[in-house]
>>> print(open('query_17.cif').read())   # mmCIF, C-alpha atoms and all ligand atoms
data_my_file
#
loop_
_atom_site.label_atom_id
_atom_site.label_comp_id
_atom_site.auth_asym_id
_atom_site.auth_seq_id
_atom_site.Cartn_x
_atom_site.Cartn_y
_atom_site.Cartn_z
CA MET F 1 -32.14 21.91 31.10
CA SER F 2 -31.89 25.57 30.24
CA ARG F 3 -30.86 24.54 26.71
CA GLY F 4 -28.19 27.14 26.90
CA GLY F 5 -30.75 29.91 27.38
CA TYR F 6 -31.29 32.25 30.26
CA GLN F 7 -32.03 30.53 33.55
CA PRO F 8 -33.48 32.88 36.20
CA PRO F 9 -31.47 32.50 39.42
CA ASP F 10 -34.40 32.10 41.83
CA PRO F 11 -37.07 29.39 41.93
CA ILE F 12 -40.58 30.55 41.02
CA GLU F 13 -42.43 31.11 44.27
CA VAL F 14 -46.07 31.20 45.31
CA PRO F 15 -47.02 34.88 45.88
CA PRO F 16 -46.95 36.07 49.53
CA LEU F 17 -50.71 36.65 49.31
CA TYR F 18 -51.11 32.92 50.00
CA ALA F 19 -48.62 32.76 52.87
CA TRP F 20 -49.66 31.55 56.31
CA PRO F 21 -49.30 33.31 58.72
CA PRO F 22 -50.29 36.31 56.54
CA ARG F 23 -47.60 38.67 55.26
CA PRO F 24 -49.53 41.89 54.60
CA LEU F 25 -46.56 44.10 53.72
CA ALA F 26 -45.00 41.58 51.37
CA THR F 27 -48.46 41.04 49.83
CA LEU F 28 -48.92 44.75 49.24
CA ARG F 29 -45.48 44.96 47.67
CA TRP F 30 -46.25 41.98 45.45
CA ILE F 31 -49.60 43.44 44.28
CA THR F 32 -48.06 46.80 43.39
CA THR F 33 -44.85 45.49 41.84
CA GLY F 34 -45.23 41.81 40.90
CA LEU F 35 -48.84 41.93 39.77
CA LEU F 36 -49.42 45.49 38.55
CA PHE F 37 -46.13 47.10 37.64
CA PRO F 38 -45.63 47.89 34.87
CA TRP F 39 -47.87 45.89 32.54
CA GLY F 40 -51.01 45.66 34.68
CA LEU F 41 -51.01 49.44 35.18
CA LEU F 42 -50.44 49.96 31.46
CA PHE F 43 -53.49 47.83 30.65
CA ILE F 44 -55.60 49.70 33.21
CA ALA F 45 -54.53 53.03 31.68
CA LEU F 46 -55.18 51.72 28.17
CA ALA F 47 -58.66 50.55 29.23
CA VAL F 48 -59.52 54.01 30.58
CA VAL F 49 -58.33 55.66 27.36
CA ALA F 50 -60.13 53.08 25.23
CA TRP F 51 -63.44 53.53 27.08
CA ASN F 52 -63.29 57.32 26.84
CA TYR F 53 -61.93 57.75 23.32
CA LEU F 54 -61.85 54.46 21.44
CA THR F 55 -65.27 52.92 22.08
CA PRO F 56 -68.51 53.78 20.25
CA SER F 57 -71.20 55.53 22.30
CA LEU F 58 -73.65 53.41 24.29
CA GLU F 59 -76.51 54.79 22.15
CA ARG F 60 -74.83 53.42 19.07
CA MET F 61 -74.05 50.08 20.71
CA ALA F 62 -77.71 49.58 21.73
CA SER F 63 -78.32 47.69 18.51
CA LEU F 64 -76.04 44.89 17.39
CA GLU F 65 -74.47 46.09 14.16
CA VAL F 66 -71.38 45.05 12.27
CA GLY F 67 -70.17 48.65 11.83
CA TRP F 68 -69.38 49.53 15.45
CA MET F 69 -68.27 45.98 16.25
CA ALA F 70 -65.71 46.28 13.46
CA LEU F 71 -64.41 49.45 15.12
CA ILE F 72 -63.88 47.51 18.36
CA TRP F 73 -62.04 44.82 16.40
CA LEU F 74 -59.89 47.52 14.79
CA ARG F 75 -59.02 49.11 18.14
CA ASN F 76 -58.12 45.73 19.68
CA ALA F 77 -56.13 44.60 16.64
CA ALA F 78 -54.22 47.89 16.57
CA LEU F 79 -53.31 47.69 20.27
CA LEU F 80 -52.33 44.02 20.03
CA THR F 81 -50.17 44.82 17.02
CA LEU F 82 -48.58 47.70 18.87
CA VAL F 83 -47.55 45.48 21.81
CA ALA F 84 -46.91 42.09 20.13
CA GLY F 85 -45.55 43.64 16.93
CA GLY F 86 -43.44 46.12 18.91
CA LEU F 87 -41.91 43.38 21.06
CA HIS F 88 -41.39 41.14 18.04
CA TRP F 89 -39.70 43.91 16.14
CA TRP F 90 -37.44 44.89 19.03
CA LEU F 91 -36.51 41.37 20.16
CA TYR F 92 -36.66 39.22 17.03
CA ILE F 93 -36.20 41.49 14.00
CA ARG F 94 -33.92 44.17 15.36
CA ARG F 95 -32.51 41.71 17.90
CA ALA F 96 -31.74 44.74 19.97
CA GLN F 97 -30.46 42.77 22.96
CA ASP F 98 -29.31 39.72 21.02
CA GLN F 99 -29.92 36.73 23.34
CA ALA F 100 -29.64 38.47 26.69
CA TYR F 101 -32.38 37.15 29.03
CA MET F 102 -33.66 34.83 26.29
CA PHE F 103 -35.04 31.59 27.75
CA ASN F 104 -34.36 29.49 24.68
CA THR F 105 -31.46 30.26 22.40
CA ARG F 106 -33.29 29.25 19.22
CA TRP F 107 -34.86 32.00 17.16
CA LEU F 108 -38.37 31.51 15.74
CA ASP F 109 -38.85 29.05 12.86
CA THR F 110 -38.80 30.54 9.39
CA GLU F 111 -38.83 27.28 7.43
CA ASN F 112 -41.07 24.74 9.11
CA ARG F 113 -44.01 22.96 7.51
CA LYS F 114 -45.95 22.64 10.74
CA PHE F 115 -46.66 26.40 10.59
CA LEU F 116 -48.91 28.26 8.17
CA PHE F 117 -46.83 29.92 5.45
CA ARG F 118 -43.96 27.76 6.85
CA ASN F 119 -43.20 30.69 9.09
CA GLN F 120 -43.86 30.67 12.83
CA ALA F 121 -44.29 34.42 13.31
CA ARG F 122 -46.67 34.77 10.34
CA ASP F 123 -48.62 31.71 11.45
CA ASN F 124 -48.93 33.16 14.95
CA MET F 125 -50.01 36.57 13.61
CA PHE F 126 -52.65 34.94 11.46
CA TRP F 127 -54.31 33.02 14.30
CA SER F 128 -54.00 35.96 16.71
CA LEU F 129 -55.53 38.59 14.44
CA VAL F 130 -57.97 36.63 12.29
CA SER F 131 -59.42 34.35 14.95
CA GLY F 132 -58.22 35.61 18.34
CA CYS F 133 -58.97 39.27 17.94
CA THR F 134 -62.31 38.52 16.29
CA VAL F 135 -63.59 36.23 19.05
CA TRP F 136 -62.30 38.60 21.74
CA SER F 137 -63.93 41.64 20.08
CA PHE F 138 -67.18 39.74 19.61
CA TYR F 139 -67.44 38.80 23.30
CA GLU F 140 -66.52 42.35 24.29
CA SER F 141 -69.08 43.85 21.88
CA LEU F 142 -71.79 41.53 23.15
CA THR F 143 -71.05 42.54 26.74
CA LEU F 144 -71.03 46.27 25.91
CA TRP F 145 -74.26 45.85 23.98
CA ALA F 146 -75.80 44.23 27.07
CA TYR F 147 -74.84 47.38 29.04
CA ALA F 148 -76.30 49.64 26.36
CA GLU F 149 -79.51 47.61 26.43
CA ASP F 150 -79.61 47.67 30.24
CA ARG F 151 -79.51 43.92 30.40
CA ILE F 152 -76.64 44.13 32.90
CA PRO F 153 -76.76 46.54 35.84
CA ARG F 154 -73.94 49.07 35.67
CA VAL F 155 -72.02 50.45 38.65
CA GLU F 156 -70.74 54.04 38.43
CA TRP F 157 -67.32 55.09 39.75
CA GLY F 158 -68.91 57.97 41.70
CA ASP F 159 -71.27 55.58 43.52
CA ALA F 160 -68.89 52.79 44.53
CA PRO F 161 -65.24 53.71 43.90
CA ILE F 162 -63.78 51.20 46.37
CA TYR F 163 -65.90 48.33 45.07
CA LEU F 164 -64.84 49.12 41.49
CA ALA F 165 -61.18 49.49 42.47
CA VAL F 166 -61.33 46.04 44.09
CA MET F 167 -63.03 44.63 40.98
CA THR F 168 -60.29 46.17 38.82
CA ILE F 169 -57.68 44.17 40.76
CA ALA F 170 -60.01 41.15 40.68
CA VAL F 171 -59.67 41.12 36.87
CA PHE F 172 -56.11 39.80 37.25
CA PHE F 173 -57.19 37.00 39.58
CA TRP F 174 -60.32 36.08 37.69
CA SER F 175 -58.49 35.98 34.36
CA THR F 176 -55.71 33.73 35.67
CA LEU F 177 -58.12 31.42 37.53
CA HIS F 178 -60.29 31.15 34.42
CA PHE F 179 -57.11 30.43 32.45
CA TYR F 180 -56.18 27.53 34.74
CA LEU F 181 -59.66 26.02 34.42
CA ASN F 182 -60.06 26.36 30.66
CA HIS F 183 -56.45 25.38 30.00
CA ARG F 184 -56.78 22.22 32.13
CA LEU F 185 -59.88 21.34 30.12
CA LEU F 186 -57.97 21.93 26.86
CA HIS F 187 -55.41 19.32 27.89
CA TRP F 188 -58.16 16.67 27.93
CA PRO F 189 -56.91 14.56 24.98
CA PRO F 190 -59.89 14.99 22.59
CA LEU F 191 -59.89 18.79 23.08
CA TYR F 192 -56.12 18.88 22.94
CA ARG F 193 -56.09 17.16 19.57
CA ALA F 194 -59.01 19.19 18.22
CA ALA F 195 -57.79 22.61 19.35
CA HIS F 196 -55.03 23.21 21.89
CA GLU F 197 -52.40 21.35 19.86
CA LEU F 198 -52.22 24.42 17.60
CA HIS F 199 -50.96 26.63 20.43
CA HIS F 200 -48.47 23.93 21.49
CA ARG F 201 -46.90 23.69 18.06
CA ASN F 202 -44.93 26.58 19.51
CA ILE F 203 -42.43 24.85 21.80
CA ASN F 204 -40.27 27.87 21.34
CA ILE F 205 -42.40 31.00 21.74
CA GLY F 206 -42.50 34.64 20.73
CA PRO F 207 -44.80 37.64 21.36
CA TRP F 208 -47.28 36.68 18.63
CA THR F 209 -47.62 33.18 20.12
CA GLY F 210 -49.61 34.64 23.05
CA ILE F 211 -53.10 34.23 21.61
CA SER F 212 -52.14 32.14 18.59
CA MET F 213 -54.80 29.51 19.18
CA HIS F 214 -57.39 27.42 17.39
CA PRO F 215 -60.77 29.22 17.01
CA LEU F 216 -62.40 26.67 19.33
CA GLU F 217 -59.81 27.49 21.99
CA HIS F 218 -60.51 31.21 21.48
CA VAL F 219 -64.21 30.61 22.11
CA ILE F 220 -63.37 28.89 25.41
CA TYR F 221 -60.51 31.23 26.36
CA PHE F 222 -62.43 34.49 25.86
CA SER F 223 -65.51 33.23 27.71
CA VAL F 224 -63.76 35.05 30.58
CA PHE F 225 -66.13 37.99 29.83
CA PHE F 226 -69.19 36.10 31.08
CA LEU F 227 -68.40 36.80 34.72
CA TRP F 228 -69.40 40.42 34.07
CA TRP F 229 -72.86 39.31 32.95
CA VAL F 230 -73.60 38.24 36.51
CA VAL F 231 -71.28 40.47 38.57
CA PRO F 232 -72.13 44.14 37.98
CA VAL F 233 -69.15 46.39 37.19
CA HIS F 234 -68.35 49.34 34.91
CA PRO F 235 -67.66 48.88 31.16
CA VAL F 236 -64.06 50.02 31.65
CA ILE F 237 -63.48 46.80 33.63
CA VAL F 238 -64.93 44.79 30.75
CA ILE F 239 -62.46 46.44 28.37
CA LEU F 240 -59.60 45.83 30.82
CA THR F 241 -60.55 42.14 30.95
CA GLY F 242 -60.21 41.99 27.18
CA PHE F 243 -56.84 43.75 27.21
CA TYR F 244 -55.45 41.53 29.95
CA GLN F 245 -56.73 38.36 28.29
CA GLY F 246 -55.88 39.48 24.73
CA ILE F 247 -52.69 41.55 24.99
CA SER F 248 -50.82 40.44 28.12
CA PRO F 249 -50.02 37.00 26.59
CA ALA F 250 -47.88 38.85 24.02
CA VAL F 251 -45.72 40.02 26.92
CA SER F 252 -45.70 36.72 28.81
CA HIS F 253 -44.83 34.76 25.64
CA SER F 254 -42.12 37.18 24.55
CA GLY F 255 -39.43 34.56 25.24
CA PHE F 256 -37.24 37.07 27.07
CA GLU F 257 -37.46 37.48 30.82
CA GLN F 258 -36.38 41.12 30.54
CA VAL F 259 -36.60 43.63 27.75
CA VAL F 260 -33.51 45.80 27.77
CA ILE F 261 -33.80 49.33 26.46
CA GLY F 262 -30.58 51.26 26.32
CA ARG F 263 -27.95 50.72 28.98
CA ARG F 264 -29.97 51.39 32.08
CA PHE F 265 -33.58 50.52 31.43
CA ARG F 266 -35.04 47.03 31.83
CA VAL F 267 -38.65 45.87 31.91
CA THR F 268 -39.81 42.42 33.06
CA ALA F 269 -41.61 40.67 30.25
CA GLY F 270 -41.57 36.90 29.57
CA ASP F 271 -43.21 34.55 32.05
CA HIS F 272 -40.75 31.81 33.00
CA PHE F 273 -43.62 29.83 34.59
CA HIS F 274 -45.58 29.58 31.33
CA GLN F 275 -42.42 29.15 29.27
CA LEU F 276 -41.92 25.88 31.20
CA HIS F 277 -45.45 24.79 30.23
CA HIS F 278 -44.52 25.16 26.56
CA ARG F 279 -41.39 23.10 27.14
CA TYR F 280 -42.82 20.30 29.30
CA PHE F 281 -46.60 20.39 28.57
CA GLU F 282 -47.79 18.69 31.77
CA VAL F 283 -46.76 21.31 34.32
CA ASN F 284 -47.79 24.90 35.05
CA TYR F 285 -51.29 24.92 33.57
CA GLY F 286 -52.13 28.17 35.33
CA ASN F 287 -50.38 31.41 36.20
CA THR F 288 -48.62 32.39 39.40
CA PRO F 289 -51.23 34.91 40.75
CA THR F 290 -53.69 32.01 41.23
CA PRO F 291 -51.34 29.11 42.07
CA VAL F 292 -53.76 26.19 41.57
CA ASP F 293 -50.87 24.11 40.16
CA ARG F 294 -49.37 24.08 43.63
CA LEU F 295 -52.51 22.38 44.98
CA PHE F 296 -52.45 19.66 42.33
CA GLY F 297 -48.70 18.96 42.28
CA THR F 298 -48.08 20.37 38.80
CA TRP F 299 -46.07 23.39 39.93
CA HIS F 300 -42.66 23.53 38.20
CA ASP F 301 -40.55 26.24 39.79
CA GLY F 302 -37.79 26.09 37.18
CA THR F 303 -35.22 24.34 39.40
CA SER F 304 -33.43 21.09 38.60
CA GLU F 305 -35.21 19.48 41.62
CA ALA F 306 -38.58 20.21 40.04
CA HIS F 307 -37.29 18.81 36.79
CA GLU F 308 -36.17 15.59 38.53
CA ALA F 309 -39.61 15.26 40.13
CA LEU F 310 -41.24 15.64 36.72
CA LYS F 311 -38.92 13.01 35.23
CA ASN F 312 -39.73 10.59 38.05
CA ARG F 313 -43.48 11.12 37.60
CA ARG F 314 -43.10 10.35 33.90
CA LEU F 315 -41.01 7.27 34.58
CA ALA F 316 -43.48 5.94 37.17
CA ARG F 317 -46.34 6.45 34.71
CA HIS F 318 -44.40 4.69 31.99
CA ARG F 319 -43.66 1.69 34.25
CA GLN F 320 -47.24 1.54 35.41
CA GLY F 321 -48.39 1.51 31.79
CA ARG F 322 -46.00 -1.32 30.99
CA SER F 323 -47.00 -3.47 33.98
CA SER F 324 -50.70 -3.05 33.25
CA LEU F 325 -50.03 -4.05 29.65
CA GLY F 326 -48.18 -7.14 30.95
CA ALA F 327 -51.02 -8.08 33.29
ZN ZN F 401 -48.85 29.63 25.87
ZN ZN F 402 -51.23 23.89 27.24
#
>>> encode(input="query_17.cif", output="structure tokens")
Amino acid sequence: MSRGGYQPPDPIEVPPLYAWPPRPLATLRWITTGLLFPWGLLFIALAVVAWNYLTPSLERMASLEVGWMALIWLRNAALLTLVAGGLHWWLYIRRAQDQAYMFNTRWLDTENRKFLFRNQARDNMFWSLVSGCTVWSFYESLTLWAYAEDRIPRVEWGDAPIYLAVMTIAVFFWSTLHFYLNHRLLHWPPLYRAAHELHHRNINIGPWTGISMHPLEHVIYFSVFFLWWVVPVHPVIVILTGFYQGISPAVSHSGFEQVVIGRRFRVTAGDHFHQLHHRYFEVNYGNTPTPVDRLFGTWHDGTSEAHEALKNRRLARHRQGRSSLGA
């Protein structure tokens, strides 16, 4: 089942936040380590830097113009390239840790006609930068323009620091809940064939696979920004939403559970939960912070028991199909 690749020793568990009776200490530990450290904190820091130094002024953004929107695209493309390109270079070009912690022992395809340019990494880069980054930057620009035009009320950090801190954490829950909902929709057969199939060409995945999607899927996927049209926050939270939605998939799709740097340093990276979705398609539509899959019986925790259950569900469906054909 592990196809010879790395198999994490523990089953994937529902976060303690959802435990009953409540487990406040474990929840706090999970939020600070599982949810935020290190990538979540990095994206928060990047969003603060981007808002202060890498975003055009609100005066300039008050009118919708290609010039400043292109700058936002450039900033997002550069940061995505830094993270996805950096991981790809370290893990797949330099092969710095060979196959340690690699979920699937196959390297990315370099001669396969199902990918653009017959090359999986180039195909993935193309869809991520040309379509993904463009749709993401467009939604972000539109939302920032709405702030500049005073179409959305803005909350200042000095006025409501606790509210904004809570909304900063809420980004991670909103993004993953939105992902479950839009992803479930994308598995509806007509939409799957029209759009989502392109992301699933990648059974084996790498950092650039993260937002390698069909443009129609990008339009649905990045609609995550619309929450901030009705819930007032600060623009830095809008930028964070873009970074989490646009850049974190490069980390979760890296294909390696841990990135090893030197002898002592390891960083958690690849998301085993989503890796299983790429392998089996009909499980793990969401992400672990918002465990909706658990409610609907599509939670695959990576164990052989979960795999047996999936096989039995498939077999039962197959038999049912055959008996209804016979009837
Ligand atoms: Zn994916
Ligand atoms: Zn899918």
>>> residues_near_point(input="query_17.cif", point="(-50.7, 38.6, 23.6)", cutoff="10 Å", atoms="only C-alpha atoms", output="ChimeraX atom specification")
/F:80-81,83-85,128,132,206-212,243-254
>>> residues_near_point(input="query_17.cif", point="(-58.0, 42.2, 37.1)", cutoff="12 Å", atoms="only C-alpha atoms", output="MDAnalysis selection string")
chainID F and resid 31 35:36 39:41 43:44 47 164:178 224:225 227:228 233 236:245 248 289:290
>>> write_last_selection(input="query_17.cif", atoms="C-alpha atoms", output="PDB file, in the frame of the given file")
ATOM      1  CA  ILE F  31     -49.600  43.440  44.280  1.00  0.00           C
ATOM      2  CA  LEU F  35     -48.840  41.930  39.770  1.00  0.00           C
ATOM      3  CA  LEU F  36     -49.420  45.490  38.550  1.00  0.00           C
ATOM      4  CA  TRP F  39     -47.870  45.890  32.540  1.00  0.00           C
ATOM      5  CA  GLY F  40     -51.010  45.660  34.680  1.00  0.00           C
ATOM      6  CA  LEU F  41     -51.010  49.440  35.180  1.00  0.00           C
ATOM      7  CA  PHE F  43     -53.490  47.830  30.650  1.00  0.00           C
ATOM      8  CA  ILE F  44     -55.600  49.700  33.210  1.00  0.00           C
ATOM      9  CA  ALA F  47     -58.660  50.550  29.230  1.00  0.00           C
ATOM     10  CA  LEU F 164     -64.840  49.120  41.490  1.00  0.00           C
ATOM     11  CA  ALA F 165     -61.180  49.490  42.470  1.00  0.00           C
ATOM     12  CA  VAL F 166     -61.330  46.040  44.090  1.00  0.00           C
ATOM     13  CA  MET F 167     -63.030  44.630  40.980  1.00  0.00           C
ATOM     14  CA  THR F 168     -60.290  46.170  38.820  1.00  0.00           C
ATOM     15  CA  ILE F 169     -57.680  44.170  40.760  1.00  0.00           C
ATOM     16  CA  ALA F 170     -60.010  41.150  40.680  1.00  0.00           C
ATOM     17  CA  VAL F 171     -59.670  41.120  36.870  1.00  0.00           C
ATOM     18  CA  PHE F 172     -56.110  39.800  37.250  1.00  0.00           C
ATOM     19  CA  PHE F 173     -57.190  37.000  39.580  1.00  0.00           C
ATOM     20  CA  TRP F 174     -60.320  36.080  37.690  1.00  0.00           C
ATOM     21  CA  SER F 175     -58.490  35.980  34.360  1.00  0.00           C
ATOM     22  CA  THR F 176     -55.710  33.730  35.670  1.00  0.00           C
ATOM     23  CA  LEU F 177     -58.120  31.420  37.530  1.00  0.00           C
ATOM     24  CA  HIS F 178     -60.290  31.150  34.420  1.00  0.00           C
ATOM     25  CA  VAL F 224     -63.760  35.050  30.580  1.00  0.00           C
ATOM     26  CA  PHE F 225     -66.130  37.990  29.830  1.00  0.00           C
ATOM     27  CA  LEU F 227     -68.400  36.800  34.720  1.00  0.00           C
ATOM     28  CA  TRP F 228     -69.400  40.420  34.070  1.00  0.00           C
ATOM     29  CA  VAL F 233     -69.150  46.390  37.190  1.00  0.00           C
ATOM     30  CA  VAL F 236     -64.060  50.020  31.650  1.00  0.00           C
ATOM     31  CA  ILE F 237     -63.480  46.800  33.630  1.00  0.00           C
ATOM     32  CA  VAL F 238     -64.930  44.790  30.750  1.00  0.00           C
ATOM     33  CA  ILE F 239     -62.460  46.440  28.370  1.00  0.00           C
ATOM     34  CA  LEU F 240     -59.600  45.830  30.820  1.00  0.00           C
ATOM     35  CA  THR F 241     -60.550  42.140  30.950  1.00  0.00           C
ATOM     36  CA  GLY F 242     -60.210  41.990  27.180  1.00  0.00           C
ATOM     37  CA  PHE F 243     -56.840  43.750  27.210  1.00  0.00           C
ATOM     38  CA  TYR F 244     -55.450  41.530  29.950  1.00  0.00           C
ATOM     39  CA  GLN F 245     -56.730  38.360  28.290  1.00  0.00           C
ATOM     40  CA  SER F 248     -50.820  40.440  28.120  1.00  0.00           C
ATOM     41  CA  PRO F 289     -51.230  34.910  40.750  1.00  0.00           C
ATOM     42  CA  THR F 290     -53.690  32.010  41.230  1.00  0.00           C
TER      43      THR F 290
END
>>> atom_distance(input="query_17.cif", atom1="CA of Ala96 (chain F)", atom2="CA of Ala121 (chain F)")
17.6 Å
>>> residues_around(input="query_17.cif", residues="Tyr101 (chain F)", least_positions_apart="5", cutoff="12 Å", atoms="all atoms listed in the file", output="ChimeraX atom specification")
/F:2,4-9,91,96,254-260,266-272
>>> atom_distance(input="query_17.cif", atom1="CA of Ala306 (chain F)", atom2="CA of Leu25 (chain F)")
28.7 Å
>>> residues_near_ligand(input="query_17.cif", ligand="ligand ZN 402 (chain F)", cutoff="8 Å", atoms="all atoms listed in the file", output="count of residues only")
13
>>> atom_distance(input="query_17.cif", atom1="CA of Thr288 (chain F)", atom2="CA of Trp188 (chain F)")
21.7 Å
>>> residues_around(input="query_17.cif", residues="region 145-161 of chain F", least_positions_apart="5", cutoff="6 Å", atoms="all atoms listed in the file", output="ChimeraX atom specification")
/F:58,61-62,232-234
>>> write_last_selection(input="query_17.cif", atoms="C-alpha atoms", output="CSV table (one decimal), keeping the file's coordinate frame")
chain,number,residue,atom,x,y,z
F,58,LEU,CA,-73.6,53.4,24.3
F,61,MET,CA,-74.0,50.1,20.7
F,62,ALA,CA,-77.7,49.6,21.7
F,232,PRO,CA,-72.1,44.1,38.0
F,233,VAL,CA,-69.2,46.4,37.2
F,234,HIS,CA,-68.4,49.3,34.9
>>> closest_residue(input="query_17.cif", among="F:Phe37, F:Phe273, F:Trp73, F:Trp299", to="ligand ZN 401 (chain F)", atoms="all atoms listed in the file")
F:Phe273
>>> residues_around(input="query_17.cif", residues="Ala26 (chain F)", least_positions_apart="3", cutoff="9 Å", atoms="only C-alpha atoms", output="PyMOL selection string")
chain F and resi 15-17+23+29-31
>>> closest_residue(input="query_17.cif", among="F:Arg75, F:Tyr192, F:Asn104, F:Leu82", to="Ser137 (chain F)", atoms="only C-alpha atoms")
F:Arg75
>>> axis_aligned_box(input="query_17.cif", around="region 69-72 of chain F", padding_each_side="3 Å", output="AutoDock Vina command-line options")
--center_x -66.1 --center_y 47.7 --center_z 15.9 --size_x 10.4 --size_y 9.5 --size_z 10.9
>>> closest_residue(input="query_17.cif", among="F:Glu217, F:Asp301, F:Glu111, F:Glu308", to="ligand ZN 401 (chain F)", atoms="all atoms listed in the file")
F:Glu217
>>> residues_around(input="query_17.cif", residues="Pro215 (chain F)", least_positions_apart="2", cutoff="10 Å", atoms="only C-alpha atoms", output="number ranges by chain")
F: 127-128, 130-132, 134-135, 195-196, 198, 212-213, 217-221
>>> build_atoms(input="query_17.cif", residues="region 179-192 of chain F", atoms="N, CA and C atoms", output="PDB file, keeping the file's coordinate frame")
ATOM      1  N   PHE F 179     -58.104  31.033  33.341  1.00  0.00           N
ATOM      2  CA  PHE F 179     -57.110  30.430  32.450  1.00  0.00           C
ATOM      3  C   PHE F 179     -56.743  29.024  32.922  1.00  0.00           C
ATOM      4  N   TYR F 180     -56.510  28.878  34.234  1.00  0.00           N
ATOM      5  CA  TYR F 180     -56.180  27.530  34.740  1.00  0.00           C
ATOM      6  C   TYR F 180     -57.287  26.554  34.355  1.00  0.00           C
ATOM      7  N   LEU F 181     -58.534  26.944  34.633  1.00  0.00           N
ATOM      8  CA  LEU F 181     -59.660  26.020  34.420  1.00  0.00           C
ATOM      9  C   LEU F 181     -59.817  25.659  32.951  1.00  0.00           C
ATOM     10  N   ASN F 182     -59.819  26.686  32.077  1.00  0.00           N
ATOM     11  CA  ASN F 182     -60.060  26.360  30.660  1.00  0.00           C
ATOM     12  C   ASN F 182     -58.846  25.638  30.053  1.00  0.00           C
ATOM     13  N   HIS F 183     -57.658  25.979  30.550  1.00  0.00           N
ATOM     14  CA  HIS F 183     -56.450  25.380  30.000  1.00  0.00           C
ATOM     15  C   HIS F 183     -56.351  23.898  30.413  1.00  0.00           C
ATOM     16  N   ARG F 184     -56.773  23.612  31.656  1.00  0.00           N
ATOM     17  CA  ARG F 184     -56.780  22.220  32.130  1.00  0.00           C
ATOM     18  C   ARG F 184     -57.725  21.403  31.262  1.00  0.00           C
ATOM     19  N   LEU F 185     -58.873  21.997  30.977  1.00  0.00           N
ATOM     20  CA  LEU F 185     -59.880  21.340  30.120  1.00  0.00           C
ATOM     21  C   LEU F 185     -59.302  21.084  28.725  1.00  0.00           C
ATOM     22  N   LEU F 186     -58.530  22.056  28.212  1.00  0.00           N
ATOM     23  CA  LEU F 186     -57.970  21.930  26.860  1.00  0.00           C
ATOM     24  C   LEU F 186     -56.901  20.855  26.758  1.00  0.00           C
ATOM     25  N   HIS F 187     -56.385  20.425  27.912  1.00  0.00           N
ATOM     26  CA  HIS F 187     -55.410  19.320  27.890  1.00  0.00           C
ATOM     27  C   HIS F 187     -56.084  17.956  27.977  1.00  0.00           C
ATOM     28  N   TRP F 188     -57.424  17.935  28.042  1.00  0.00           N
ATOM     29  CA  TRP F 188     -58.160  16.670  27.930  1.00  0.00           C
ATOM     30  C   TRP F 188     -57.932  16.186  26.490  1.00  0.00           C
ATOM     31  N   PRO F 189     -57.415  14.947  26.310  1.00  0.00           N
ATOM     32  CA  PRO F 189     -56.910  14.560  24.980  1.00  0.00           C
ATOM     33  C   PRO F 189     -57.797  14.905  23.777  1.00  0.00           C
ATOM     34  N   PRO F 190     -59.119  14.629  23.801  1.00  0.00           N
ATOM     35  CA  PRO F 190     -59.890  14.990  22.590  1.00  0.00           C
ATOM     36  C   PRO F 190     -59.849  16.490  22.271  1.00  0.00           C
ATOM     37  N   LEU F 191     -59.938  17.335  23.328  1.00  0.00           N
ATOM     38  CA  LEU F 191     -59.890  18.790  23.080  1.00  0.00           C
ATOM     39  C   LEU F 191     -58.481  19.225  22.704  1.00  0.00           C
ATOM     40  N   TYR F 192     -57.494  18.544  23.281  1.00  0.00           N
ATOM     41  CA  TYR F 192     -56.120  18.880  22.940  1.00  0.00           C
ATOM     42  C   TYR F 192     -55.880  18.660  21.454  1.00  0.00           C
TER      43      TYR F 192
END
